Structure formats: C-alpha cells, structure tokens
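Accompanying notes for the structure given below.
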Amino acid sequence: MTDNVVEFVVAEFREEYPFFSELTDTQLSSLFRKACLRLRNDAKSCVKDIEVRKEFLYLIVAHLATLQSQVDAGNMLVGRLSSASEGSVSISSEYGTLGSSEKWWVQTPYGAKFWQMTAIFRTSLYVVTNFPMPVNRR
C-alpha cells in the first residue's frame, strides 16, 4: 500500500476468500478495478484508514465475483428469492422495502456485509451554529 492506495494482492484475497478459486488472477484484478469504481481508492476516499478500505474493497470484489458466478451459472434472477414452488416450477424474487442503493448490495452475503459495515459513512452530520450571517443592508 503506497501513496494511501490499497494495492490488490491476489494471493491475499484468495486466502481470505477461498470460494473464488475458479477465477483467474486477471479476472480478480479486473474485479478489483471495478470495486475501485464503487469505493474511491486514494487519499480523497471517505474511508481514511487504509486497512479498513482494503477490507471494504475486498468485500466488493467478493460481491462482484459472486454476482458474476451466479450469471455464469445461468442464474439471471435479480433480488432475493421470496417464494418457490415445485409442481410446474415457479419462483419469485423481491427486494422488499429496501432503498435503491441497498438493493444492489444485499444480493450477496458479501454485499450485505459491506452495506452494514459502511453505514457509518452514509450518515450526515448537521452542525447548528450560533454565528450570524453578515448581511450588508445598505
């Protein structure tokens, strides 16, 4: 990690997330670049702690890899499975009452974990001050 940027270490990712052993190093590196489009990976990132940012970026890579593996397996279902039938095969999916951003993240356990862990970065701080605004009334 140099210049306040998380460097993607494929071996480290594979050790932490062994489920993705079928993906090549090139595919994982590509997913990391895509993860950096979701979470800024430089000194101006809202996540200043580089180790925390690395954890978040790796979770995003795992989320993207899971989504891609589902598509590769022929699963084009978007959302969570809400009901299933066996006779004459029927399935339904839904998002429930989730916000628009959250819907994309909760499709995988990794995305849901990322969403929950980053909640502190999605809040705002409203500061009320008692300083009058200078107004020229002439």
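Chain labels A, B, ... are given in the sequence in which chains occur in the structure tokens; within each chain residues are numbered consecutively from 1, and ligands are likewise numbered from 1 in the order shown.
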
Might you pull out every residue within 12 Å of Thr26 (chain A), with only C-alpha atoms counted and same-chain residues fewer than 6 positions away left off, and present them as a short mmCIF file (atom, residue, chain, number, x, y, z; two decimals) with C-alpha atoms, in the first residue's frame?
```
data_model
loop_
_atom_site.label_atom_id
_atom_site.label_comp_id
_atom_site.auth_asym_id
_atom_site.auth_seq_id
_atom_site.Cartn_x
_atom_site.Cartn_y
_atom_site.Cartn_z
CA PHE A 8 -4.68 -5.64 -4.71
CA VAL A 9 -2.77 -8.76 -3.66
CA VAL A 10 -4.40 -11.73 -5.37
CA PHE A 32 -10.74 -5.06 -8.08
CA ARG A 33 -10.60 -2.25 -10.65
#
```

Report as JSON lines the residues of region 23-91 of chain A within 7 Å of region 108-122 of chain A, each with its shortest atom pair and distance in Å (one decimal), using only C-alpha atoms, ordered by chain and increasing residue number.
```
{"residue": "A:Phe56", "atom": "CA", "partner": "A:Phe114", "partner_atom": "CA", "distance": 6.3}
{"residue": "A:Leu59", "atom": "CA", "partner": "A:Tyr110", "partner_atom": "CA", "distance": 5.6}
{"residue": "A:Ile60", "atom": "CA", "partner": "A:Gly111", "partner_atom": "CA", "distance": 6.5}
{"residue": "A:Ala62", "atom": "CA", "partner": "A:Tyr110", "partner_atom": "CA", "distance": 6.2}
{"residue": "A:His63", "atom": "CA", "partner": "A:Tyr110", "partner_atom": "CA", "distance": 5.1}
{"residue": "A:Thr66", "atom": "CA", "partner": "A:Thr108", "partner_atom": "CA", "distance": 6.9}
```

Legend entry - Shell of 12 Å around Ala43 (chain A), only C-alpha atoms, local chain residues under 2 positions omitted, as a PyMOL selection string: chain A and resi 1-6+39-41+45-50+53

Inset, instruction - Provide the CA of Arg38 (chain A) to CA of Glu51 (chain A) distance in Å, to one decimal place. - result: 16.9 Å

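Reported to one decimal place, the separation of CA of Trp104 (chain A) from CA of Glu7 (chain A) is 25.2 Å.
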
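One distance worth recording is that between CA of Gly74 (chain A) and CA of Glu86 (chain A), which is 18.8 Å.
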
Inset, instruction - Mind the document's chain letters and residue numbers, and return as a ChimeraX atom specification the residues of region 39-119 of chain A that DSSP labels strand (DSSP E or B). - result: /A:80-85,90-94

Could you give me, as a PDB file with all heavy atoms, in the first residue's frame, the residues within 10 Å of Ala11 (chain A), counting only C-alpha atoms and dropping anything in the same chain fewer than 6 positions from it?
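Okay, this is what ended up in part_3.pdb:
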```pdb
ATOM      1  N   TYR A  17     -10.700 -15.307   0.862  1.00  0.00           N
ATOM      2  CA  TYR A  17     -11.932 -15.718   0.184  1.00  0.00           C
ATOM      3  C   TYR A  17     -11.648 -16.920  -0.722  1.00  0.00           C
ATOM      4  O   TYR A  17     -11.610 -16.788  -1.942  1.00  0.00           O
ATOM      5  CB  TYR A  17     -12.501 -14.561  -0.645  1.00  0.00           C
ATOM      6  CG  TYR A  17     -12.874 -13.358   0.184  1.00  0.00           C
ATOM      7  CD1 TYR A  17     -11.989 -12.291   0.346  1.00  0.00           C
ATOM      8  CD2 TYR A  17     -14.116 -13.280   0.801  1.00  0.00           C
ATOM      9  CE1 TYR A  17     -12.342 -11.194   1.107  1.00  0.00           C
ATOM     10  CE2 TYR A  17     -14.471 -12.175   1.561  1.00  0.00           C
ATOM     11  CZ  TYR A  17     -13.571 -11.137   1.714  1.00  0.00           C
ATOM     12  OH  TYR A  17     -13.923 -10.045   2.468  1.00  0.00           O
ATOM     13  N   PRO A  18     -11.458 -18.112  -0.143  1.00  0.00           N
ATOM     14  CA  PRO A  18     -11.091 -19.290  -0.951  1.00  0.00           C
ATOM     15  C   PRO A  18     -12.208 -19.772  -1.885  1.00  0.00           C
ATOM     16  O   PRO A  18     -11.948 -20.541  -2.808  1.00  0.00           O
ATOM     17  CB  PRO A  18     -10.772 -20.349   0.107  1.00  0.00           C
ATOM     18  CG  PRO A  18     -11.488 -19.906   1.336  1.00  0.00           C
ATOM     19  CD  PRO A  18     -11.529 -18.415   1.275  1.00  0.00           C
ATOM     20  N   ASP A  25      -6.284 -14.890 -11.866  1.00  0.00           N
ATOM     21  CA  ASP A  25      -5.716 -13.663 -11.298  1.00  0.00           C
ATOM     22  C   ASP A  25      -6.161 -12.441 -12.095  1.00  0.00           C
ATOM     23  O   ASP A  25      -6.452 -11.393 -11.526  1.00  0.00           O
ATOM     24  CB  ASP A  25      -4.182 -13.740 -11.286  1.00  0.00           C
ATOM     25  CG  ASP A  25      -3.659 -14.786 -10.310  1.00  0.00           C
ATOM     26  OD1 ASP A  25      -4.479 -15.448  -9.633  1.00  0.00           O
ATOM     27  OD2 ASP A  25      -2.431 -14.937 -10.227  1.00  0.00           O
TER      28      ASP A  25
END
```

Legend entry - Secondary structure check, alpha helix (DSSP H) residues of region 17-107 of chain A, as JSON, numbers by chain: {"A": [25, 26, 27, 28, 29, 30, 31, 32, 33, 34, 35, 36, 37, 38, 50, 51, 52, 53, 54, 55, 56, 57, 58, 59, 60, 61, 62, 63, 64, 65, 66, 67, 68, 69, 70, 71, 72, 100, 101, 102, 103, 104, 105]}
